[in-house]
$ cat target-v1.cif   # mmCIF, C-alpha atoms
data_entry
loop_
_atom_site.group_PDB
_atom_site.id
_atom_site.type_symbol
_atom_site.label_atom_id
_atom_site.label_comp_id
_atom_site.auth_asym_id
_atom_site.auth_seq_id
_atom_site.Cartn_x
_atom_site.Cartn_y
_atom_site.Cartn_z
ATOM 1 C CA MET Y 15 25.117 -99.658 112.465
ATOM 2 C CA PRO Y 16 26.900 -99.882 109.068
ATOM 3 C CA ASN Y 17 30.135 -101.840 109.069
ATOM 4 C CA THR Y 18 31.882 -99.552 106.600
ATOM 5 C CA LEU Y 19 33.781 -96.286 106.785
ATOM 6 C CA CYS Y 20 33.019 -93.628 104.204
ATOM 7 C CA ASP Y 21 33.887 -89.944 104.106
ATOM 8 C CA SER Y 22 31.728 -87.088 102.827
ATOM 9 C CA HIS Y 23 33.475 -87.258 99.444
ATOM 10 C CA GLY Y 24 32.323 -90.818 98.798
ATOM 11 C CA ARG Y 25 35.670 -92.473 99.464
ATOM 12 C CA ASN Y 26 35.499 -95.865 101.159
ATOM 13 C CA ILE Y 27 38.143 -96.215 103.855
ATOM 14 C CA ASN Y 28 39.458 -99.771 104.100
ATOM 15 C CA TYR Y 29 43.130 -99.316 105.000
ATOM 16 C CA LEU Y 30 44.674 -98.482 108.386
ATOM 17 C CA ARG Y 31 48.310 -97.523 108.917
ATOM 18 C CA LEU Y 32 49.136 -98.352 112.504
ATOM 19 C CA ALA Y 33 52.312 -96.914 114.043
ATOM 20 C CA VAL Y 34 53.520 -99.092 116.909
ATOM 21 C CA THR Y 35 56.415 -96.893 118.050
ATOM 22 C CA ASP Y 36 58.065 -93.524 117.558
ATOM 23 C CA ARG Y 37 61.528 -95.025 118.162
ATOM 24 C CA CYS Y 38 64.017 -95.841 115.417
ATOM 25 C CA ASN Y 39 67.574 -97.122 115.269
ATOM 26 C CA LEU Y 40 68.386 -94.805 112.321
ATOM 27 C CA ARG Y 41 68.404 -91.015 112.095
ATOM 28 C CA CYS Y 42 67.494 -90.276 108.491
ATOM 29 C CA THR Y 43 67.868 -86.571 107.816
ATOM 30 C CA TYR Y 44 64.435 -86.203 106.174
ATOM 31 C CA CYS Y 45 62.500 -88.152 108.801
ATOM 32 C CA MET Y 46 63.889 -88.314 112.305
ATOM 33 C CA PRO Y 47 66.419 -85.790 113.588
ATOM 34 C CA LYS Y 48 67.870 -86.223 117.047
ATOM 35 C CA GLY Y 49 65.321 -85.385 119.695
ATOM 36 C CA CYS Y 50 63.083 -86.635 122.450
ATOM 37 C CA PHE Y 51 60.722 -89.585 122.249
ATOM 38 C CA ALA Y 52 57.352 -89.756 123.929
ATOM 39 C CA PRO Y 53 57.356 -91.521 127.324
ATOM 40 C CA ARG Y 54 56.518 -95.187 126.846
ATOM 41 C CA ASN Y 55 53.275 -94.930 128.814
ATOM 42 C CA GLU Y 56 52.058 -92.395 126.249
ATOM 43 C CA LEU Y 57 52.312 -95.006 123.489
ATOM 44 C CA LEU Y 58 49.491 -97.486 122.988
ATOM 45 C CA ASN Y 59 50.264 -100.907 124.427
ATOM 46 C CA TYR Y 60 49.711 -104.097 122.437
ATOM 47 C CA ASP Y 61 46.351 -104.853 124.051
ATOM 48 C CA GLU Y 62 45.136 -101.385 123.082
ATOM 49 C CA LEU Y 63 46.515 -101.724 119.563
ATOM 50 C CA LEU Y 64 44.813 -105.092 119.125
ATOM 51 C CA ARG Y 65 41.509 -103.631 120.297
ATOM 52 C CA VAL Y 66 41.912 -100.846 117.743
ATOM 53 C CA VAL Y 67 42.494 -103.405 114.987
ATOM 54 C CA ARG Y 68 39.397 -105.380 115.970
ATOM 55 C CA ILE Y 69 37.252 -102.235 116.024
ATOM 56 C CA PHE Y 70 38.489 -101.094 112.621
ATOM 57 C CA ALA Y 71 38.106 -104.593 111.170
ATOM 58 C CA GLY Y 72 34.467 -104.451 112.229
ATOM 59 C CA LEU Y 73 34.183 -101.216 110.245
ATOM 60 C CA GLY Y 74 35.385 -102.830 107.037
ATOM 61 C CA ILE Y 75 39.123 -102.235 107.323
ATOM 62 C CA GLY Y 76 40.744 -105.203 105.581
ATOM 63 C CA LYS Y 77 44.299 -103.962 105.231
ATOM 64 C CA ILE Y 78 46.656 -103.079 108.070
ATOM 65 C CA ARG Y 79 50.167 -101.695 107.672
ATOM 66 C CA LEU Y 80 52.435 -101.603 110.722
ATOM 67 C CA THR Y 81 54.852 -98.698 110.806
ATOM 68 C CA GLY Y 82 56.976 -96.657 113.194
ATOM 69 C CA GLY Y 83 59.476 -95.184 113.761
ATOM 70 C CA GLU Y 84 61.008 -98.550 113.151
ATOM 71 C CA PRO Y 85 58.545 -101.265 114.237
ATOM 72 C CA PHE Y 86 61.217 -103.893 114.885
ATOM 73 C CA VAL Y 87 62.740 -101.877 117.729
ATOM 74 C CA ARG Y 88 59.619 -102.624 119.781
ATOM 75 C CA LYS Y 89 59.890 -105.774 121.852
ATOM 76 C CA GLY Y 90 57.249 -108.372 121.032
ATOM 77 C CA PHE Y 91 56.440 -106.918 117.621
ATOM 78 C CA VAL Y 92 56.600 -110.191 115.661
ATOM 79 C CA ASP Y 93 54.309 -111.950 118.137
ATOM 80 C CA PHE Y 94 51.861 -109.044 117.812
ATOM 81 C CA LEU Y 95 51.767 -109.547 114.029
ATOM 82 C CA ALA Y 96 50.412 -113.056 114.446
ATOM 83 C CA GLU Y 97 47.626 -111.714 116.672
ATOM 84 C CA ILE Y 98 46.636 -109.161 114.047
ATOM 85 C CA HIS Y 99 46.510 -111.814 111.357
ATOM 86 C CA SER Y 100 44.032 -113.795 113.452
ATOM 87 C CA VAL Y 101 41.519 -110.916 113.603
ATOM 88 C CA THR Y 102 38.414 -111.659 111.542
ATOM 89 C CA GLY Y 103 38.192 -109.427 108.497
ATOM 90 C CA ILE Y 104 41.902 -108.598 108.190
ATOM 91 C CA LYS Y 105 43.024 -109.825 104.777
ATOM 92 C CA GLU Y 106 46.353 -108.034 104.334
ATOM 93 C CA VAL Y 107 49.061 -107.334 106.889
ATOM 94 C CA GLY Y 108 51.990 -105.247 105.723
ATOM 95 C CA ILE Y 109 55.039 -103.701 107.351
ATOM 96 C CA THR Y 110 57.107 -100.626 106.573
ATOM 97 C CA THR Y 111 60.672 -101.010 107.864
ATOM 98 C CA ASN Y 112 64.237 -99.933 107.263
ATOM 99 C CA GLY Y 113 65.139 -103.628 107.191
ATOM 100 C CA THR Y 114 68.174 -103.408 109.442
ATOM 101 C CA LEU Y 115 66.723 -105.467 112.299
ATOM 102 C CA CYS Y 116 64.573 -108.086 110.609
ATOM 103 C CA PHE Y 117 66.736 -110.409 108.494
ATOM 104 C CA ASP Y 118 66.467 -113.239 111.044
ATOM 105 C CA GLN Y 119 62.710 -112.692 111.335
ATOM 106 C CA ILE Y 120 61.699 -112.920 107.662
ATOM 107 C CA GLN Y 121 60.579 -116.547 107.771
ATOM 108 C CA ARG Y 122 58.581 -115.868 110.962
ATOM 109 C CA LEU Y 123 56.989 -112.860 109.279
ATOM 110 C CA LYS Y 124 55.784 -115.033 106.437
ATOM 111 C CA ALA Y 125 54.443 -117.631 108.886
ATOM 112 C CA SER Y 126 52.714 -114.828 110.817
ATOM 113 C CA GLY Y 127 50.679 -113.898 107.761
ATOM 114 C CA VAL Y 128 52.612 -110.853 106.573
ATOM 115 C CA THR Y 129 51.622 -110.287 102.945
ATOM 116 C CA GLY Y 130 53.997 -107.490 102.033
ATOM 117 C CA ILE Y 131 57.000 -105.543 103.283
ATOM 118 C CA ASN Y 132 57.946 -102.008 102.272
ATOM 119 C CA PHE Y 133 61.653 -101.409 102.775
ATOM 120 C CA SER Y 134 63.205 -97.952 102.966
ATOM 121 C CA LEU Y 135 66.411 -97.811 100.906
ATOM 122 C CA ASP Y 136 67.576 -94.466 99.532
ATOM 123 C CA THR Y 137 70.936 -95.440 98.083
ATOM 124 C CA LEU Y 138 73.002 -98.398 96.880
ATOM 125 C CA SER Y 139 76.183 -96.902 98.319
ATOM 126 C CA PRO Y 140 77.127 -98.005 101.859
ATOM 127 C CA THR Y 141 78.999 -94.727 102.342
ATOM 128 C CA ARG Y 142 75.989 -92.647 101.332
ATOM 129 C CA TYR Y 143 73.718 -94.863 103.385
ATOM 130 C CA GLN Y 144 75.724 -93.976 106.484
ATOM 131 C CA LYS Y 145 75.565 -90.277 105.607
ATOM 132 C CA ILE Y 146 71.774 -90.328 105.115
ATOM 133 C CA THR Y 147 70.859 -92.621 108.023
ATOM 134 C CA GLY Y 148 73.671 -92.017 110.500
ATOM 135 C CA SER Y 149 74.360 -95.771 110.695
ATOM 136 C CA ASP Y 150 76.608 -98.247 108.908
ATOM 137 C CA LEU Y 151 73.862 -100.797 108.296
ATOM 138 C CA PHE Y 152 73.460 -100.874 104.513
ATOM 139 C CA HIS Y 153 74.383 -104.544 104.174
ATOM 140 C CA GLU Y 154 71.909 -105.597 106.885
ATOM 141 C CA ALA Y 155 69.119 -103.712 105.127
ATOM 142 C CA PHE Y 156 69.937 -105.096 101.679
ATOM 143 C CA ALA Y 157 70.224 -108.659 102.990
ATOM 144 C CA ALA Y 158 66.745 -108.410 104.510
ATOM 145 C CA ILE Y 159 65.320 -107.255 101.172
ATOM 146 C CA MET Y 160 66.888 -110.215 99.376
ATOM 147 C CA GLU Y 161 65.655 -112.656 102.016
ATOM 148 C CA ALA Y 162 62.097 -111.344 101.748
ATOM 149 C CA ILE Y 163 62.228 -111.821 97.975
ATOM 150 C CA ILE Y 164 63.538 -115.374 98.413
ATOM 151 C CA GLN Y 165 60.721 -116.145 100.870
ATOM 152 C CA GLY Y 166 58.126 -114.998 98.344
ATOM 153 C CA ILE Y 167 56.887 -111.984 100.294
ATOM 154 C CA ARG Y 168 55.693 -109.055 98.188
ATOM 155 C CA VAL Y 169 58.438 -106.417 98.357
ATOM 156 C CA LYS Y 170 58.314 -102.701 97.722
ATOM 157 C CA ILE Y 171 61.403 -100.510 98.008
ATOM 158 C CA ASN Y 172 60.790 -96.906 99.038
ATOM 159 C CA VAL Y 173 63.346 -94.359 97.851
ATOM 160 C CA VAL Y 174 63.063 -90.784 99.100
ATOM 161 C CA VAL Y 175 64.601 -88.669 96.345
ATOM 162 C CA LEU Y 176 67.090 -86.272 97.921
ATOM 163 C CA ASP Y 177 68.255 -83.564 95.547
ATOM 164 C CA ASN Y 178 71.852 -83.474 96.745
ATOM 165 C CA ASP Y 179 72.362 -86.997 98.068
ATOM 166 C CA ASN Y 180 70.964 -89.653 95.726
ATOM 167 C CA SER Y 181 69.429 -88.089 92.602
ATOM 168 C CA ASP Y 182 72.363 -89.384 90.529
ATOM 169 C CA GLU Y 183 71.378 -92.950 91.510
ATOM 170 C CA LEU Y 184 67.831 -92.908 90.170
ATOM 171 C CA LEU Y 185 68.492 -95.291 87.290
ATOM 172 C CA HIS Y 186 70.616 -97.629 89.412
ATOM 173 C CA LEU Y 187 67.877 -97.856 92.019
ATOM 174 C CA ALA Y 188 65.153 -98.311 89.394
ATOM 175 C CA ARG Y 189 67.112 -101.226 87.966
ATOM 176 C CA LEU Y 190 66.538 -103.204 91.136
ATOM 177 C CA ALA Y 191 63.214 -103.956 89.444
ATOM 178 C CA GLU Y 192 65.005 -105.311 86.393
ATOM 179 C CA ASN Y 193 66.142 -108.563 87.967
ATOM 180 C CA TYR Y 194 63.856 -108.786 90.988
ATOM 181 C CA PRO Y 195 60.022 -108.893 91.211
ATOM 182 C CA VAL Y 196 59.865 -105.738 93.313
ATOM 183 C CA GLU Y 197 58.158 -102.363 93.098
ATOM 184 C CA VAL Y 198 60.733 -99.579 93.398
ATOM 185 C CA ARG Y 199 58.932 -96.393 94.412
ATOM 186 C CA PHE Y 200 60.484 -92.935 94.261
ATOM 187 C CA ILE Y 201 59.007 -90.570 96.839
ATOM 188 C CA GLU Y 202 58.992 -86.786 96.996
ATOM 189 C CA PRO Y 203 60.321 -85.492 100.333
ATOM 190 C CA MET Y 204 57.668 -83.965 102.583
ATOM 191 C CA HIS Y 205 57.497 -81.399 105.379
ATOM 192 C CA PHE Y 206 57.826 -83.969 108.148
ATOM 193 C CA ASN Y 207 61.536 -83.813 108.981
ATOM 194 C CA GLY Y 208 61.062 -82.415 112.477
ATOM 195 C CA SER Y 209 63.078 -79.268 111.808
ATOM 196 C CA GLY Y 210 60.342 -76.923 110.626
ATOM 197 C CA LYS Y 211 62.470 -76.122 107.586
ATOM 198 C CA PHE Y 212 61.459 -77.441 104.178
ATOM 199 C CA THR Y 213 62.338 -76.673 100.575
ATOM 200 C CA PRO Y 214 59.994 -78.075 97.889
ATOM 201 C CA PRO Y 215 61.807 -80.860 96.022
ATOM 202 C CA HIS Y 216 63.634 -80.095 92.787
ATOM 203 C CA TRP Y 217 63.001 -83.702 91.748
ATOM 204 C CA ASN Y 218 59.205 -83.546 92.005
ATOM 205 C CA ALA Y 219 56.832 -86.199 90.679
ATOM 206 C CA MET Y 220 56.435 -84.529 87.298
ATOM 207 C CA ARG Y 221 60.174 -84.343 86.720
ATOM 208 C CA LEU Y 222 60.677 -87.915 87.906
ATOM 209 C CA LYS Y 223 58.031 -89.154 85.486
ATOM 210 C CA GLY Y 224 59.663 -87.376 82.551
ATOM 211 C CA PHE Y 225 63.080 -88.690 83.560
ATOM 212 C CA PHE Y 226 62.011 -92.333 83.695
ATOM 213 C CA LEU Y 227 59.966 -92.190 80.496
ATOM 214 C CA GLU Y 228 63.002 -90.776 78.729
ATOM 215 C CA ASN Y 229 65.729 -92.934 80.263
ATOM 216 C CA LEU Y 230 64.153 -96.361 80.838
ATOM 217 C CA SER Y 231 63.706 -98.163 77.526
ATOM 218 C CA GLY Y 232 60.135 -99.327 76.963
ATOM 219 C CA CYS Y 233 58.825 -97.489 80.041
ATOM 220 C CA VAL Y 234 55.046 -96.950 79.944
ATOM 221 C CA GLU Y 235 52.640 -95.808 82.649
ATOM 222 C CA ILE Y 236 50.185 -98.374 83.952
ATOM 223 C CA LEU Y 237 46.658 -97.096 83.376
ATOM 224 C CA LYS Y 238 44.814 -95.932 86.474
ATOM 225 C CA LYS Y 239 41.925 -98.311 85.838
ATOM 226 C CA ILE Y 240 44.183 -101.351 86.284
ATOM 227 C CA ARG Y 241 46.219 -100.056 89.231
ATOM 228 C CA PRO Y 242 45.453 -101.359 92.726
ATOM 229 C CA HIS Y 243 42.561 -99.430 94.292
ATOM 230 C CA GLY Y 244 43.791 -96.548 96.431
ATOM 231 C CA SER Y 245 47.364 -96.787 95.167
ATOM 232 C CA THR Y 246 49.346 -93.672 96.023
ATOM 233 C CA ALA Y 247 51.897 -94.410 93.321
ATOM 234 C CA GLN Y 248 51.979 -93.735 89.611
ATOM 235 C CA LEU Y 249 53.187 -97.085 88.303
ATOM 236 C CA PHE Y 250 55.304 -97.848 85.245
ATOM 237 C CA LYS Y 251 56.079 -101.042 83.384
ATOM 238 C CA VAL Y 252 59.524 -101.248 81.844
ATOM 239 C CA LYS Y 253 60.397 -103.582 78.991
ATOM 240 C CA ASN Y 254 62.138 -106.753 80.184
ATOM 241 C CA TYR Y 255 61.848 -105.780 83.866
ATOM 242 C CA SER Y 256 60.695 -108.370 86.383
ATOM 243 C CA GLY Y 257 59.234 -105.680 88.625
ATOM 244 C CA ILE Y 258 57.781 -102.213 88.219
ATOM 245 C CA VAL Y 259 58.745 -98.620 88.983
ATOM 246 C CA GLY Y 260 56.550 -96.154 90.869
ATOM 247 C CA ILE Y 261 56.434 -92.489 91.835
ATOM 248 C CA ILE Y 262 54.717 -91.216 94.981
ATOM 249 C CA ALA Y 263 53.833 -87.522 94.932
ATOM 250 C CA GLY Y 264 53.877 -87.031 98.703
ATOM 251 C CA HIS Y 265 54.458 -83.290 98.472
ATOM 252 C CA SER Y 266 52.500 -82.689 95.243
ATOM 253 C CA ARG Y 267 49.556 -84.709 96.640
ATOM 254 C CA SER Y 268 48.134 -85.793 93.298
ATOM 255 C CA PHE Y 269 46.538 -88.989 94.703
ATOM 256 C CA CYS Y 270 44.173 -87.536 97.316
ATOM 257 C CA ALA Y 271 41.022 -88.137 95.269
ATOM 258 C CA SER Y 272 41.402 -91.901 95.666
ATOM 259 C CA CYS Y 273 42.662 -91.939 99.266
ATOM 260 C CA ASN Y 274 41.339 -94.981 101.140
ATOM 261 C CA LYS Y 275 43.366 -94.825 104.348
ATOM 262 C CA VAL Y 276 43.528 -93.425 107.858
ATOM 263 C CA ARG Y 277 46.456 -93.449 110.285
ATOM 264 C CA LEU Y 278 46.965 -93.996 113.983
ATOM 265 C CA THR Y 279 50.046 -92.377 115.510
ATOM 266 C CA PRO Y 280 52.146 -94.117 118.178
ATOM 267 C CA GLN Y 281 50.452 -91.880 120.761
ATOM 268 C CA GLY Y 282 46.996 -93.040 119.625
ATOM 269 C CA MET Y 283 45.887 -90.032 117.583
ATOM 270 C CA LEU Y 284 43.725 -90.843 114.575
ATOM 271 C CA LYS Y 285 44.683 -88.928 111.438
ATOM 272 C CA ASN Y 286 42.693 -88.665 108.228
ATOM 273 C CA CYS Y 287 45.685 -87.174 106.433
ATOM 274 C CA LEU Y 288 49.422 -86.831 106.943
ATOM 275 C CA TYR Y 289 48.955 -83.072 106.971
ATOM 276 C CA ASP Y 290 46.328 -82.777 109.712
ATOM 277 C CA ASN Y 291 46.916 -82.347 113.456
ATOM 278 C CA GLY Y 292 44.874 -85.397 114.336
ATOM 279 C CA VAL Y 293 41.106 -85.777 114.262
ATOM 280 C CA LEU Y 294 40.366 -88.117 117.182
ATOM 281 C CA ASP Y 295 42.177 -88.959 120.427
ATOM 282 C CA MET Y 296 41.794 -92.733 120.343
ATOM 283 C CA LYS Y 297 44.098 -93.215 123.314
ATOM 284 C CA GLY Y 298 41.870 -90.971 125.399
ATOM 285 C CA LEU Y 299 38.810 -92.991 124.439
ATOM 286 C CA LEU Y 300 40.505 -96.330 125.052
ATOM 287 C CA ARG Y 301 41.786 -95.304 128.476
ATOM 288 C CA SER Y 302 38.622 -93.508 129.632
ATOM 289 C CA GLY Y 303 36.527 -96.673 129.617
ATOM 290 C CA ALA Y 304 34.606 -95.958 126.413
ATOM 291 C CA ASP Y 305 32.908 -99.064 125.003
ATOM 292 C CA ASP Y 306 33.332 -100.236 121.424
ATOM 293 C CA ARG Y 307 30.083 -98.656 120.270
ATOM 294 C CA GLU Y 308 31.117 -95.222 121.539
ATOM 295 C CA ILE Y 309 34.497 -95.564 119.838
ATOM 296 C CA ILE Y 310 32.931 -96.714 116.570
ATOM 297 C CA ILE Y 311 30.590 -93.720 116.463
ATOM 298 C CA ALA Y 312 33.505 -91.370 117.192
ATOM 299 C CA ILE Y 313 35.579 -92.932 114.406
ATOM 300 C CA GLN Y 314 32.735 -92.728 111.898
ATOM 301 C CA ASN Y 315 32.141 -89.072 112.697
ATOM 302 C CA ALA Y 316 35.830 -88.240 112.445
ATOM 303 C CA VAL Y 317 36.303 -90.051 109.143
ATOM 304 C CA ALA Y 318 33.145 -88.526 107.665
ATOM 305 C CA ALA Y 319 34.823 -85.121 108.041
ATOM 306 C CA LYS Y 320 37.910 -86.145 106.014
ATOM 307 C CA SER Y 321 38.947 -83.249 103.749
ATOM 308 C CA ALA Y 322 39.052 -83.486 99.974
ATOM 309 C CA ASP Y 323 42.837 -83.200 99.769
ATOM 310 C CA GLY Y 324 46.010 -82.500 101.692
ATOM 311 C CA PHE Y 325 46.276 -78.900 100.529
ATOM 312 C CA ILE Y 326 42.974 -78.021 102.221
ATOM 313 C CA VAL Y 327 44.128 -79.839 105.346
ATOM 314 C CA GLU Y 328 47.418 -77.968 105.434
ATOM 315 C CA LYS Y 329 45.648 -74.629 105.002
ATOM 316 C CA ASP Y 330 43.253 -75.405 107.863
ATOM 317 C CA ARG Y 331 45.864 -76.643 110.347
ATOM 318 C CA ARG Y 332 45.553 -75.165 113.810
ATOM 319 C CA ASP Y 333 49.300 -74.936 114.375
ATOM 320 C CA PHE Y 334 52.560 -75.367 112.551
ATOM 321 C CA VAL Y 335 54.576 -77.236 115.159
ATOM 322 C CA PRO Y 336 57.459 -79.037 113.404
ATOM 323 C CA ARG Y 337 56.712 -82.747 113.179
ATOM 324 C CA SER Y 338 58.792 -85.736 112.158
ATOM 325 C CA MET Y 339 57.508 -88.647 110.125
ATOM 326 C CA ALA Y 340 58.381 -90.991 112.981
ATOM 327 C CA THR Y 341 55.959 -89.275 115.364
ATOM 328 C CA ILE Y 342 53.184 -89.519 112.748
ATOM 329 C CA GLY Y 343 53.788 -93.037 111.483
ATOM 330 C CA GLY Y 344 55.764 -93.335 108.273
#
$ encode --input "target-v1.cif" --output "structure tokens"
Amino acid sequence: MPNTLCDSHGRNINYLRLAVTDRCNLRCTYCMPKGCFAPRNELLNYDELLRVVRIFAGLGIGKIRLTGGEPFVRKGFVDFLAEIHSVTGIKEVGITTNGTLCFDQIQRLKASGVTGINFSLDTLSPTRYQKITGSDLFHEAFAAIMEAIIQGIRVKINVVVLDNDNSDELLHLARLAENYPVEVRFIEPMHFNGSGKFTPPHWNAMRLKGFFLENLSGCVEILKKIRPHGSTAQLFKVKNYSGIVGIIAGHSRSFCASCNKVRLTPQGMLKNCLYDNGVLDMKGLLRSGADDREIIIAIQNAVAAKSADGFIVEKDRRDFVPRSMATIGG
């Protein structure tokens, strides 16, 4: 049995985004409105999650990213990271977090083998931060970012560009990469706000690219052939900057041709694409007594059917139930 995952379009899948919870301590307007969480027994437990990691590692997955919700709200999360790092074949362990709960854990994260942290930070204004997130935790988030930089962990800062809330801060946020060795990535908003209502972004990827090329002196796009394989971001070098600037076309979906990832939701549903309804009930397999071979075959079959791009997936969806990013795995 081959130890690789490949879809029918010739894309090798070597990256798993693993959501460990649907809970979060923030209520960002574009991600997680107030609502109900899944009962805890419907979420995969750590033993099940670790089994999933081992199975995927055996299929050639070398990169794992832990997401939520907010992963640090789940008890035992840092200990679980060390277990993942010990799995044969796993070379990179990353986290996506809002940063508000992890300042005191940064050194442990490094010792646990975490190779990179993606922090969500949509504004440099504490007042705006409270408006966007519903919580007065800007300083906690920013302190965690600085501590991760000091500890030598690779840092990316994710900025969702909100037409009416932070678009006047684009240059200020980009300049975080001037003095710090970070990748500041500007992300188009997507459908997954849980409300069922969505307006395509005014600040789309094309407009963002033109804005930065015009307003950041010495800004040039990094050629695709020297970008990291499977990168979802258009990357830009800026003269005299320590870090780089990126744009992620989440709504425009211009990166699908090089997609190398699959996702597992907190409820154990495998997803080939953010826009699908789920392609394999992993929780059902895990809890029905299926052995690893059965699960591997099911995964390979599901991944082989991965669509060419997110537009096809969206068109073929079986329902249009409003979903939030937290229930999918951000």
$ residues_near_point --input "target-v1.cif" --point "(34.7, -96.1, 103.9)" --cutoff "12 Å" --atoms "only C-alpha atoms" --output "number ranges by chain"
Y: 16-30, 70-76, 244, 272-276, 286, 313-320
$ write_last_selection --input "target-v1.cif" --atoms "C-alpha atoms" --output "PDB file, in the coordinates of the input"
ATOM      1  CA  PRO Y  16      26.900 -99.882 109.068  1.00  0.00           C
ATOM      2  CA  ASN Y  17      30.135-101.840 109.069  1.00  0.00           C
ATOM      3  CA  THR Y  18      31.882 -99.552 106.600  1.00  0.00           C
ATOM      4  CA  LEU Y  19      33.781 -96.286 106.785  1.00  0.00           C
ATOM      5  CA  CYS Y  20      33.019 -93.628 104.204  1.00  0.00           C
ATOM      6  CA  ASP Y  21      33.887 -89.944 104.106  1.00  0.00           C
ATOM      7  CA  SER Y  22      31.728 -87.088 102.827  1.00  0.00           C
ATOM      8  CA  HIS Y  23      33.475 -87.258  99.444  1.00  0.00           C
ATOM      9  CA  GLY Y  24      32.323 -90.818  98.798  1.00  0.00           C
ATOM     10  CA  ARG Y  25      35.670 -92.473  99.464  1.00  0.00           C
ATOM     11  CA  ASN Y  26      35.499 -95.865 101.159  1.00  0.00           C
ATOM     12  CA  ILE Y  27      38.143 -96.215 103.855  1.00  0.00           C
ATOM     13  CA  ASN Y  28      39.458 -99.771 104.100  1.00  0.00           C
ATOM     14  CA  TYR Y  29      43.130 -99.316 105.000  1.00  0.00           C
ATOM     15  CA  LEU Y  30      44.674 -98.482 108.386  1.00  0.00           C
ATOM     16  CA  PHE Y  70      38.489-101.094 112.621  1.00  0.00           C
ATOM     17  CA  ALA Y  71      38.106-104.593 111.170  1.00  0.00           C
ATOM     18  CA  GLY Y  72      34.467-104.451 112.229  1.00  0.00           C
ATOM     19  CA  LEU Y  73      34.183-101.216 110.245  1.00  0.00           C
ATOM     20  CA  GLY Y  74      35.385-102.830 107.037  1.00  0.00           C
ATOM     21  CA  ILE Y  75      39.123-102.235 107.323  1.00  0.00           C
ATOM     22  CA  GLY Y  76      40.744-105.203 105.581  1.00  0.00           C
ATOM     23  CA  GLY Y 244      43.791 -96.548  96.431  1.00  0.00           C
ATOM     24  CA  SER Y 272      41.402 -91.901  95.666  1.00  0.00           C
ATOM     25  CA  CYS Y 273      42.662 -91.939  99.266  1.00  0.00           C
ATOM     26  CA  ASN Y 274      41.339 -94.981 101.140  1.00  0.00           C
ATOM     27  CA  LYS Y 275      43.366 -94.825 104.348  1.00  0.00           C
ATOM     28  CA  VAL Y 276      43.528 -93.425 107.858  1.00  0.00           C
ATOM     29  CA  ASN Y 286      42.693 -88.665 108.228  1.00  0.00           C
ATOM     30  CA  ILE Y 313      35.579 -92.932 114.406  1.00  0.00           C
ATOM     31  CA  GLN Y 314      32.735 -92.728 111.898  1.00  0.00           C
ATOM     32  CA  ASN Y 315      32.141 -89.072 112.697  1.00  0.00           C
ATOM     33  CA  ALA Y 316      35.830 -88.240 112.445  1.00  0.00           C
ATOM     34  CA  VAL Y 317      36.303 -90.051 109.143  1.00  0.00           C
ATOM     35  CA  ALA Y 318      33.145 -88.526 107.665  1.00  0.00           C
ATOM     36  CA  ALA Y 319      34.823 -85.121 108.041  1.00  0.00           C
ATOM     37  CA  LYS Y 320      37.910 -86.145 106.014  1.00  0.00           C
TER      38      LYS Y 320
END
$ atom_distance --input "target-v1.cif" --atom1 "atom CA of Y:Thr114" --atom2 "atom CA of Y:Glu154"
5.0 Å
$ closest_residue --input "target-v1.cif" --among "Y:Ile78, Y:Ala125, Y:Ala263, Y:Val174" --to "Y:Val92" --atoms "only C-alpha atoms"
Y:Ala125
$ residues_around --input "target-v1.cif" --residues "Y:Leu63" --least-positions-apart "2" --cutoff "12 Å" --atoms "only C-alpha atoms" --output "VMD selection string"
chain Y and resid 30 to 35 57 to 61 65 to 70 78 80 91 94 to 95 97 to 98 278 to 283 296 to 297 300 to 301
$ atom_distance --input "target-v1.cif" --atom1 "atom CA of Y:Gly298" --atom2 "atom CA of Y:Arg54"
15.3 Å
$ closest_residue --input "target-v1.cif" --among "Y:Asn193, Y:Thr147, Y:Ser302, Y:Gln165" --to "Y:Asn254" --atoms "all atoms listed in the file"
Y:Asn193
$ closest_residue --input "target-v1.cif" --among "Y:Leu222, Y:Ile167, Y:Ile309, Y:Ala155" --to "Y:Ser181" --atoms "all atoms listed in the file"
Y:Leu222
$ closest_residue --input "target-v1.cif" --among "Y:Pro140, Y:Gly166, Y:Gly257, Y:Gly148" --to "Y:Glu192" --atoms "all atoms listed in the file"
Y:Gly257
$ atom_distance --input "target-v1.cif" --atom1 "atom CA of Y:Ile311" --atom2 "atom CA of Y:Glu106"
24.5 Å
$ closest_residue --input "target-v1.cif" --among "Y:Val252, Y:Val259, Y:Val107, Y:Leu230" --to "Y:Lys170" --atoms "only C-alpha atoms"
Y:Val259
$ residues_near_point --input "target-v1.cif" --point "(61.1, -102.5, 98.3)" --cutoff "7 Å" --atoms "all atoms listed in the file" --output "list in words"
Asn132, Phe133, Ser134, Ile159, Val169, Lys170, Ile171, Asn172, Val196, Glu197 and Val198 of chain Y
$ residues_around --input "target-v1.cif" --residues "Y:Gln144" --least-positions-apart "5" --cutoff "10 Å" --atoms "only C-alpha atoms" --output "count of residues only"
9
$ decode --input "target-v1.cif" --residues "stretch 68-79 of chain Y" --atoms "C-alpha atoms" --output "tab-separated table (two decimals), in the first residue's frame"
chain	number	residue	atom	x	y	z
Y	68	ARG	CA	-0.08	8.52	13.28
Y	69	ILE	CA	-2.26	7.27	10.42
Y	70	PHE	CA	-1.70	10.40	8.36
Y	71	ALA	CA	2.04	10.37	9.11
Y	72	GLY	CA	2.13	6.87	7.66
Y	73	LEU	CA	0.54	8.30	4.51
Y	74	GLY	CA	3.30	10.85	4.03
Y	75	ILE	CA	1.87	13.78	5.99
Y	76	GLY	CA	4.89	15.61	7.39
Y	77	LYS	CA	3.30	18.86	8.49
Y	78	ILE	CA	0.60	19.25	11.13
Y	79	ARG	CA	-1.07	22.52	12.10
